[in-house]
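Undergrad: Take this structure, written in structure tokens, and hold onto it; I'll ask about it next.
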Amino acid sequence: MIGARCLAVVLERPFSLRPTRPAKDMENIFQLVRNVIPPMTSKKHKGQDGKIGIIGGCKEYTGAPYFAAITALKVGADLSQVFCTKDAATVIKSYSPELIVHPVLDHPNAVSEVDKWLPRLHTLVIGPGMGREDAILDNAKGIIEKAKSKGLPIVIDADGLWLIAQQPSIIQGYQRAVLTPNFMEFSRLYEAMLSEPVETSDQHGSVLRLSQAMGNITIIQKGERDLISDGDKVLVCSHEGSSRRCGGQGDLLAGSLGVLVHWALLAGPEKINAQNPFLVAAFGACSLTRQCNHQAFQKYGRSMTTSDMISEVGTAFNKLFET
């Protein structure tokens with residue numbers, strides 16, 4: 001069991017506009033994450049434990065979609081597919097033969113090309129390495145609309161959050177989505193939705209208000225502590241990590257979150273005590289990312305990179321959830 005030094009769960013409800021459950025309902029959030037992890041068994045067929053799609057990857061940014069996709073596999077998904085631009089496809093494929101790579105994101109018929117695959121996916125992660133070209137952003141918007149029409153869970157990160165900040169209505173009110181902004185991305189979203197700067201002295205209230213303004217979408221505000229809110233509650237994940245802030249850690253979080261969202265939804269309300277499955281999944285992904293960060297930093301210190309963190313996914317997962 002993780003000691004109190006390593007794990008802190010705090011529930012704050014200072015500005016909730018909707019009925020909330022008692023704080024005691026969230027005391028066992030970490031155990032709820034464990035509850036949703038599917039057992040390893042030979043009786044399953046390929047795909048049952050997760051088929052994750054990553055929308056992102058362009059000529060300039062090929063590492064981010066790879067990090068998200070390979071993390072999804074290492075966490076326990078069976079299949080991981082990347083939908084990227086033509087220029088990025090060969091590069092991403094060269095990083096790992098494990099990934100299925102589709103060079104369609106800059107295709108004139110990108111939305112319909114991706115739409116054909118959506119029924120075969122459990123979760124969509126949108127944004128890692130996507131870039132901000134207008135044509136790509138338009139395609140991403142169309143893909144989000146198709147995914148919403150099918151009720152597909154969506155994780156939005158990186159340049160996907162840039163798109164949402166410009167057009168919040170794309171995702172507003174779709175409660176099967178999770179947004180994962182860092183401080184700057186959060187500030188941009190907050191100002192777009194509430195027409196005022198973030199109140200930095202009230203981080204809990206800010207993330208709660210933004211979630212409510214977005215229609216109670218789950219939001220992870222990444223930082224020294226990760227604040228997670230669905231508009232009803234704010235969870236704080238301060239699991240021990242490190243002071244190293246190399247690029248790519250958010251991609252690891254997004255990829256692992258894509259898998260855990262699927263598992264939390266699949267497990268059903270009894271396994272999570274009728275809590276919001278997106279909150280449970282978000283807390284699990286934040287804890288895992290921080291544990292990978294901690295373990296890699298213990299080995300490599302200042303020279304640690306996200307590739308080192310990804311190498312720790314298996315042992316970190318085992319330590320947190322299976323021992």
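Chains: A, B, ... in order of the structure tokens. Residues: from 1 per chain. Ligands: from 1, in order shown.
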Using only C-alpha atoms, tabulate the residues of stretch 143-242 of chain A lying at most 9 Å from any atom of stretch 104-124 of chain A, each with its closest atom pair and that distance in Å to one decimal, by chain and increasing residue number, as a Markdown table.
TA:
| residue | atom | partner | partner_atom | distance |
| --- | --- | --- | --- | --- |
| A:Ile143 | CA | A:Val111 | CA | 5.4 |
| A:Ile144 | CA | A:Leu124 | CA | 8.9 |
| A:Lys146 | CA | A:Asp115 | CA | 6.6 |
| A:Ala147 | CA | A:Leu118 | CA | 6.9 |
| A:Lys150 | CA | A:Pro119 | CA | 7.9 |
| A:Leu152 | CA | A:Thr123 | CA | 6.1 |
| A:Pro153 | CA | A:Thr123 | CA | 5.0 |
| A:Ile154 | CA | A:Leu124 | CA | 4.8 |
| A:Val155 | CA | A:Leu124 | CA | 6.2 |
| A:Ile156 | CA | A:Leu124 | CA | 8.4 |
Undergrad: Neighbouring residues of A:Asp159 were defined as those with any atom within 12 Å, considering only C-alpha atoms; residues of the same chain fewer than 2 positions away were excluded. Please report them as an NGL selection string.
TA: :A and (55-58 or 61 or 64-65 or 125-134 or 136-137 or 140-141 or 155-157 or 161-166 or 179-182 or 185 or 250-251)
Undergrad: Write a file of the selected residues as a PDB file, in the first residue's frame, keeping C-alpha atoms.
TA:
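In the end it all went to again-v2.pdb:
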ATOM      1  CA  ILE A  55      -5.146  12.036 -33.416  1.00  0.00           C
ATOM      2  CA  GLY A  56      -1.901  13.960 -33.887  1.00  0.00           C
ATOM      3  CA  GLY A  57       1.535  13.999 -35.402  1.00  0.00           C
ATOM      4  CA  CYS A  58       2.814  16.323 -38.109  1.00  0.00           C
ATOM      5  CA  TYR A  61       6.099  16.924 -34.054  1.00  0.00           C
ATOM      6  CA  ALA A  64       4.276  13.348 -28.920  1.00  0.00           C
ATOM      7  CA  PRO A  65       1.869  10.954 -30.688  1.00  0.00           C
ATOM      8  CA  VAL A 125      -6.880  10.996 -27.690  1.00  0.00           C
ATOM      9  CA  ILE A 126      -6.769  14.242 -29.664  1.00  0.00           C
ATOM     10  CA  GLY A 127      -3.904  16.723 -29.852  1.00  0.00           C
ATOM     11  CA  PRO A 128      -0.414  15.267 -29.223  1.00  0.00           C
ATOM     12  CA  GLY A 129       1.887  16.722 -31.878  1.00  0.00           C
ATOM     13  CA  MET A 130      -1.054  17.840 -33.990  1.00  0.00           C
ATOM     14  CA  GLY A 131       0.233  21.336 -34.742  1.00  0.00           C
ATOM     15  CA  ARG A 132      -1.878  24.397 -35.411  1.00  0.00           C
ATOM     16  CA  GLU A 133      -2.313  24.517 -39.164  1.00  0.00           C
ATOM     17  CA  ASP A 134      -5.836  25.616 -39.992  1.00  0.00           C
ATOM     18  CA  ILE A 136      -5.461  20.167 -39.570  1.00  0.00           C
ATOM     19  CA  LEU A 137      -7.455  21.936 -36.873  1.00  0.00           C
ATOM     20  CA  ALA A 140      -9.666  17.643 -35.852  1.00  0.00           C
ATOM     21  CA  LYS A 141     -12.903  19.563 -35.267  1.00  0.00           C
ATOM     22  CA  VAL A 155      -9.150  12.918 -24.188  1.00  0.00           C
ATOM     23  CA  ILE A 156      -8.000  16.329 -25.413  1.00  0.00           C
ATOM     24  CA  ASP A 157      -4.428  17.520 -24.875  1.00  0.00           C
ATOM     25  CA  LEU A 161      -6.659  22.326 -26.304  1.00  0.00           C
ATOM     26  CA  TRP A 162      -5.599  25.220 -28.526  1.00  0.00           C
ATOM     27  CA  LEU A 163      -8.492  24.315 -30.815  1.00  0.00           C
ATOM     28  CA  ILE A 164     -10.937  24.143 -27.898  1.00  0.00           C
ATOM     29  CA  ALA A 165      -9.786  27.530 -26.582  1.00  0.00           C
ATOM     30  CA  GLN A 166     -10.623  29.044 -29.977  1.00  0.00           C
ATOM     31  CA  LEU A 179      -9.268  17.991 -20.950  1.00  0.00           C
ATOM     32  CA  THR A 180      -5.660  17.913 -19.721  1.00  0.00           C
ATOM     33  CA  PRO A 181      -4.290  21.501 -19.741  1.00  0.00           C
ATOM     34  CA  ASN A 182      -1.012  22.695 -18.261  1.00  0.00           C
ATOM     35  CA  GLU A 185      -3.402  26.016 -21.590  1.00  0.00           C
ATOM     36  CA  GLY A 250       1.803  15.188 -20.787  1.00  0.00           C
ATOM     37  CA  ASP A 251       1.722  12.765 -23.713  1.00  0.00           C
TER      38      ASP A 251
END
Undergrad: With only C-alpha atoms as the counted atoms, please give the residues lying no more than 12 Å from A:Tyr190, apart from itself and same-chain residues fewer than 6 positions off, as number ranges by chain.
TA: A: 161, 164-166, 168, 181-184, 196-200, 203, 205-214, 219, 221
Undergrad: Quick one: everything within 6 Å of A:Ala281, counting only C-alpha atoms, minus sequence neighbours fewer than 2 positions away in the same chain. Send it as a PyMOL selection string.
TA: chain A and resi 260-261+278-279+283-284
Undergrad: I'd like the interatomic distance between atom CA of A:Val178 and atom CA of A:Val280, to a tenth of an Å.
TA: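 Rounded to one decimal, the two atoms are 11.6 Å apart.
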